[in-house]
Amino acid sequence: MRRTIPTKIIHLSGKINVCMSHGPVNCRYFYGDYFRGRNKEECRLIEASPDNERPWRRPLCDSCPVPALLITSNSRNLLLEAQVKRKFLREQVEVTFAICSKHMIELADPNHCPECAKEQGN
């Protein structure tokens, strides 16, 4: 679980403000543009989903299952679709569709592709 990191900002007047910034995101779908003062962040997985009704916000990355799913899946050719869903007064990212692009199989469990498992000998 990622936590926010306290960051000190010192103004020219000498005041010190402490802001809570989020930790880094290790996900291939996260895009952050901070060049020359820009602060553009987006989740390209959520943006590409046609059925998503809720907007993406940066705190959703802290509880998102996608980075762990990409690491633990036995398929290296995993394509996903996800949506922001509201559950028990919280918004969460939920994977709605997964496919192995190497074998063109829709996966019921995104952690396991049966054809990739056969190739790996598991």
# chains A, B, ... in the order shown; residues from 1 in each chain; ligands from 1
$ select_by_dssp --residues "chain A" --states "alpha helix (DSSP H)" --output "ChimeraX atom specification"
/A:44-48,66-72,114-120
$ write_last_selection --atoms "N, CA and C atoms" --output "PDB file, in the first residue's frame"
ATOM      1  N   ARG A  44      -3.923   6.090 -18.693  1.00  0.00           N
ATOM      2  CA  ARG A  44      -4.315   5.817 -20.071  1.00  0.00           C
ATOM      3  C   ARG A  44      -5.181   4.580 -20.188  1.00  0.00           C
ATOM      4  N   LEU A  45      -5.153   3.711 -19.198  1.00  0.00           N
ATOM      5  CA  LEU A  45      -6.038   2.551 -19.192  1.00  0.00           C
ATOM      6  C   LEU A  45      -7.478   2.981 -18.946  1.00  0.00           C
ATOM      7  N   ILE A  46      -7.689   3.851 -17.979  1.00  0.00           N
ATOM      8  CA  ILE A  46      -9.039   4.340 -17.663  1.00  0.00           C
ATOM      9  C   ILE A  46      -9.552   5.253 -18.780  1.00  0.00           C
ATOM     10  N   GLU A  47      -8.681   6.097 -19.310  1.00  0.00           N
ATOM     11  CA  GLU A  47      -9.087   7.016 -20.376  1.00  0.00           C
ATOM     12  C   GLU A  47      -9.531   6.259 -21.627  1.00  0.00           C
ATOM     13  N   ALA A  48      -8.922   5.109 -21.898  1.00  0.00           N
ATOM     14  CA  ALA A  48      -9.239   4.350 -23.110  1.00  0.00           C
ATOM     15  C   ALA A  48     -10.487   3.484 -22.963  1.00  0.00           C
ATOM     16  N   VAL A  66      -3.929  -3.051 -10.967  1.00  0.00           N
ATOM     17  CA  VAL A  66      -3.288  -3.287 -12.265  1.00  0.00           C
ATOM     18  C   VAL A  66      -1.772  -3.471 -12.178  1.00  0.00           C
ATOM     19  N   PRO A  67      -0.992  -2.633 -11.461  1.00  0.00           N
ATOM     20  CA  PRO A  67       0.454  -2.874 -11.423  1.00  0.00           C
ATOM     21  C   PRO A  67       0.827  -4.251 -10.872  1.00  0.00           C
ATOM     22  N   ALA A  68       0.163  -4.684  -9.820  1.00  0.00           N
ATOM     23  CA  ALA A  68       0.444  -6.009  -9.257  1.00  0.00           C
ATOM     24  C   ALA A  68       0.004  -7.108 -10.220  1.00  0.00           C
ATOM     25  N   LEU A  69      -1.075  -6.882 -10.916  1.00  0.00           N
ATOM     26  CA  LEU A  69      -1.584  -7.853 -11.883  1.00  0.00           C
ATOM     27  C   LEU A  69      -0.608  -8.045 -13.041  1.00  0.00           C
ATOM     28  N   LEU A  70      -0.008  -6.971 -13.498  1.00  0.00           N
ATOM     29  CA  LEU A  70       0.960  -7.047 -14.590  1.00  0.00           C
ATOM     30  C   LEU A  70       2.221  -7.805 -14.164  1.00  0.00           C
ATOM     31  N   ILE A  71       2.572  -7.721 -12.889  1.00  0.00           N
ATOM     32  CA  ILE A  71       3.761  -8.408 -12.390  1.00  0.00           C
ATOM     33  C   ILE A  71       3.477  -9.891 -12.137  1.00  0.00           C
ATOM     34  N   THR A  72       2.332 -10.212 -11.556  1.00  0.00           N
ATOM     35  CA  THR A  72       2.052 -11.588 -11.136  1.00  0.00           C
ATOM     36  C   THR A  72       1.466 -12.463 -12.237  1.00  0.00           C
ATOM     37  N   PRO A 114      -3.974 -19.999 -19.755  1.00  0.00           N
ATOM     38  CA  PRO A 114      -3.669 -21.433 -19.849  1.00  0.00           C
ATOM     39  C   PRO A 114      -2.659 -21.763 -20.954  1.00  0.00           C
ATOM     40  N   GLU A 115      -2.694 -21.050 -22.068  1.00  0.00           N
ATOM     41  CA  GLU A 115      -1.760 -21.316 -23.163  1.00  0.00           C
ATOM     42  C   GLU A 115      -0.338 -20.880 -22.806  1.00  0.00           C
ATOM     43  N   CYS A 116      -0.209 -19.756 -22.131  1.00  0.00           N
ATOM     44  CA  CYS A 116       1.119 -19.310 -21.671  1.00  0.00           C
ATOM     45  C   CYS A 116       1.672 -20.278 -20.633  1.00  0.00           C
ATOM     46  N   ALA A 117       0.800 -20.832 -19.792  1.00  0.00           N
ATOM     47  CA  ALA A 117       1.231 -21.793 -18.778  1.00  0.00           C
ATOM     48  C   ALA A 117       1.756 -23.066 -19.441  1.00  0.00           C
ATOM     49  N   LYS A 118       1.113 -23.503 -20.532  1.00  0.00           N
ATOM     50  CA  LYS A 118       1.588 -24.680 -21.252  1.00  0.00           C
ATOM     51  C   LYS A 118       2.971 -24.427 -21.846  1.00  0.00           C
ATOM     52  N   GLU A 119       3.163 -23.232 -22.406  1.00  0.00           N
ATOM     53  CA  GLU A 119       4.457 -22.905 -22.996  1.00  0.00           C
ATOM     54  C   GLU A 119       5.567 -22.834 -21.944  1.00  0.00           C
ATOM     55  N   GLN A 120       5.200 -22.372 -20.759  1.00  0.00           N
ATOM     56  CA  GLN A 120       6.199 -22.240 -19.680  1.00  0.00           C
ATOM     57  C   GLN A 120       6.418 -23.551 -18.952  1.00  0.00           C
TER      58      GLN A 120
END
$ residues_around --residues "Ala82 (chain A)" --least-positions-apart "5" --cutoff "7 Å" --atoms "only C-alpha atoms" --output "list in words"
Leu45, Ile46, Ser49, Val93, Glu94, Val95, Thr96 and Phe97 of chain A
$ select_by_dssp --residues "region 60-102 of chain A" --states "strand (DSSP E)" --output "PDB file with C-alpha atoms, in the first residue's frame"
ATOM      1  CA  LEU A  78      -1.720  -9.007 -21.234  1.00  0.00           C
ATOM      2  CA  LEU A  79      -4.182  -6.410 -22.493  1.00  0.00           C
ATOM      3  CA  LEU A  80      -6.640  -4.971 -19.999  1.00  0.00           C
ATOM      4  CA  GLU A  81      -9.740  -2.846 -19.755  1.00  0.00           C
ATOM      5  CA  ALA A  82     -10.674  -1.222 -16.461  1.00  0.00           C
ATOM      6  CA  GLN A  83     -13.281   1.070 -14.957  1.00  0.00           C
ATOM      7  CA  VAL A  84     -13.622   3.205 -11.865  1.00  0.00           C
ATOM      8  CA  LYS A  85     -16.356   1.642  -9.740  1.00  0.00           C
ATOM      9  CA  ARG A  86     -17.901   2.836  -6.519  1.00  0.00           C
ATOM     10  CA  LYS A  87     -17.914   0.197  -3.755  1.00  0.00           C
ATOM     11  CA  ARG A  90     -15.073   4.277  -1.996  1.00  0.00           C
ATOM     12  CA  GLU A  91     -14.050   4.480  -5.592  1.00  0.00           C
ATOM     13  CA  GLN A  92     -11.790   1.713  -6.858  1.00  0.00           C
ATOM     14  CA  VAL A  93     -10.306   0.621 -10.154  1.00  0.00           C
ATOM     15  CA  GLU A  94     -11.732  -2.700 -11.297  1.00  0.00           C
ATOM     16  CA  VAL A  95     -10.426  -4.772 -14.214  1.00  0.00           C
ATOM     17  CA  THR A  96     -13.406  -5.571 -16.444  1.00  0.00           C
ATOM     18  CA  PHE A  97     -11.780  -7.331 -19.407  1.00  0.00           C
ATOM     19  CA  ALA A  98      -8.490  -9.157 -19.942  1.00  0.00           C
ATOM     20  CA  ILE A  99      -7.033 -10.803 -23.006  1.00  0.00           C
ATOM     21  CA  CYS A 100      -3.762 -12.528 -23.866  1.00  0.00           C
TER      22      CYS A 100
END
$ atom_distance --atom1 "CA of Gly23 (chain A)" --atom2 "CA of Arg38 (chain A)"
17.7 Å
